Amino acid sequence: MALKDILVHLDASPRGAVRLALAAELATRHGAHLTALYGIELPSPALFYGDPSGLADVRLIEEMMDKMRETARAAARPVEASFTERLRRDGIEGEWRLIEDSLAETVALHARYADLAIVGQHDPDDSSGTSDAQVAASTLLSSGRPVLIVPYIGSVANLGQTVLIGWKSSREAARALNDALPLLQQARSVTVLAINPEEGIGGDGDVPAADIALHLARHGVKATAAHTTAKEIDEGNALLNFADDIGADLIVAGGYGHSRAREFLFGGATRTLLTTMTVPVLMSH
């Protein structure tokens, strides 16, 4: 698979600018079309009906909704201008989409028409409302596409030069590795890490991660196979520690979990990566 369609979720936060820079760099590197999605999520007018404060007047509610909408659109204008300028400066083909709807569901929907979706990690200290806790989870579990999640802190530079793949013999891990091939083929260093490798027919083989490293070699990716045992910490933290040890700038991992409506339930390693990632993580489900 080639990266020819990239979707990036933008907002008015400083981290939105970080995601834009990363998305533009990847679009330039891969000759991809870049789509920016800016979502406006307003409260339902139904919330105000029956309000004892007297706001139940239809006209007043409509005026209030219009003011909130215009405020949100005003916040989007400088982001659109930055995006348009970036396209012009870097010679990238792209388009701007301003959508008023449920943010998490909208990003997941539009991601289905892209080769890669770039979203931000939820910032628990964000009070502006721009960091929706559901965006990454919904896009990962509902889009059917690989999702590149950018941490809410730290710099993001030279993405994909030193890559760490969290490997286990599972559908999700195989999917993530295959989805990451366009990035892996351009990397300087790739390490495939099996944590607490399993034995047996569905396990990781006599030499953990060696078989998948051989598969990568057939795709022109020179990868080092490694394995480790982590008994005192969970696999997610073991992966993050190993990434720090080798100076990885990208982690590739399968995303384990399921969704019931807007309730997202994740396995331990996926939950750890989503909440405590230190570098961008490419996940597939």
# chains A, B, ... in the order shown; residues from 1 in each chain; ligands from 1
$ select_by_dssp --residues "range 5-243 of chain A" --states "alpha helix (DSSP H)" --output "ChimeraX atom specification"
/A:14-30,58-90,103-111,133-142,171-179,181-184,210-218,235-243
$ residues_around --residues "Ser143 in chain A" --least-positions-apart "2" --cutoff "7 Å" --atoms "only C-alpha atoms" --output "count of residues only"
8
$ residues_around --residues "Leu98 in chain A" --least-positions-apart "2" --cutoff "10 Å" --atoms "only C-alpha atoms" --output "list in words"
Leu10, Ala36, Leu37, Tyr38, Gly39, Ile40, Arg73, Ala76, Arg77, Glu80, Trp96, Glu100 and Asp101 of chain A
$ closest_atom_pairs --of "range 23-99 of chain A" --to "range 148-169 of chain A" --cutoff "12 Å" --atoms "only C-alpha atoms" --output "tab-separated table"
residue	atom	partner	partner_atom	distance
A:Ala23	CA	A:Leu148	CA	9.8
A:Ala24	CA	A:Leu159	CA	11.9
A:Glu25	CA	A:Leu159	CA	9.1
A:Leu26	CA	A:Leu159	CA	8.6
A:Arg29	CA	A:Leu159	CA	11.1
$ atom_distance --atom1 "CA of Glu172 in chain A" --atom2 "CA of Gly255 in chain A"
6.2 Å
$ residues_around --residues "Val207 in chain A" --least-positions-apart "4" --cutoff "10 Å" --atoms "only C-alpha atoms" --output "JSON, numbers by chain"
{"A": [194, 197, 211, 225, 226, 227]}
$ residues_around --residues "His33 in chain A" --least-positions-apart "2" --cutoff "9 Å" --atoms "only C-alpha atoms" --output "number ranges by chain"
A: 3-7, 27-28, 31, 35, 92-95
$ residues_around --residues "Arg19 in chain A" --least-positions-apart "5" --cutoff "8 Å" --atoms "only C-alpha atoms" --output "PyMOL selection string"
chain A and resi 8-10+118-120+150
$ closest_atom_pairs --of "range 88-174 of chain A" --to "range 269-275 of chain A" --cutoff "9 Å" --atoms "only C-alpha atoms" --output "JSON lines"
{"residue": "A:Gln121", "atom": "CA", "partner": "A:Leu274", "partner_atom": "CA", "distance": 6.8}
{"residue": "A:His122", "atom": "CA", "partner": "A:Thr275", "partner_atom": "CA", "distance": 7.6}
{"residue": "A:Asp123", "atom": "CA", "partner": "A:Thr275", "partner_atom": "CA", "distance": 8.8}
{"residue": "A:Ala136", "atom": "CA", "partner": "A:Leu274", "partner_atom": "CA", "distance": 8.3}
{"residue": "A:Ala137", "atom": "CA", "partner": "A:Leu274", "partner_atom": "CA", "distance": 8.5}
{"residue": "A:Ile149", "atom": "CA", "partner": "A:Leu274", "partner_atom": "CA", "distance": 8.1}
{"residue": "A:Pro151", "atom": "CA", "partner": "A:Leu274", "partner_atom": "CA", "distance": 8.7}
$ write_last_selection --atoms "N, CA and C atoms" --output "CSV table (one decimal), in the first residue's frame"
chain,number,residue,atom,x,y,z
A,121,GLN,N,-3.3,12.8,20.5
A,121,GLN,CA,-3.6,12.1,21.8
A,121,GLN,C,-4.4,13.1,22.6
A,122,HIS,N,-5.3,12.5,23.4
A,122,HIS,CA,-6.1,13.3,24.3
A,122,HIS,C,-5.2,13.9,25.4
A,123,ASP,N,-5.4,15.2,25.6
A,123,ASP,CA,-4.7,15.9,26.7
A,123,ASP,C,-5.6,16.1,27.9
A,136,ALA,N,-9.3,9.7,19.0
A,136,ALA,CA,-8.3,8.7,18.7
A,136,ALA,C,-8.9,7.3,18.8
A,137,ALA,N,-9.7,7.1,19.9
A,137,ALA,CA,-10.3,5.8,20.1
A,137,ALA,C,-11.3,5.5,19.0
A,149,ILE,N,-1.2,8.5,15.9
A,149,ILE,CA,-1.6,9.3,17.0
A,149,ILE,C,-0.4,10.1,17.5
A,151,PRO,N,1.5,12.5,20.2
A,151,PRO,CA,1.4,12.9,21.6
A,151,PRO,C,1.1,14.4,21.8
$ atom_distance --atom1 "CA of Glu70 in chain A" --atom2 "CA of Thr84 in chain A"
20.5 Å
$ atom_distance --atom1 "CA of Leu282 in chain A" --atom2 "CA of Ala104 in chain A"
17.9 Å
$ closest_residue --among "A:Ala238, A:Ile99, A:Val79, A:Ala180" --to "Gly268 in chain A" --atoms "only C-alpha atoms"
A:Ala238
$ closest_residue --among "A:Lys231, A:His30, A:Arg59, A:His219" --to "Leu116 in chain A" --atoms "only C-alpha atoms"
A:His30
$ select_by_dssp --residues "range 144-244 of chain A" --states "strand (DSSP E)" --output "MDAnalysis selection string"
chainID A and resid 147:150 162:167 189:195 223:228
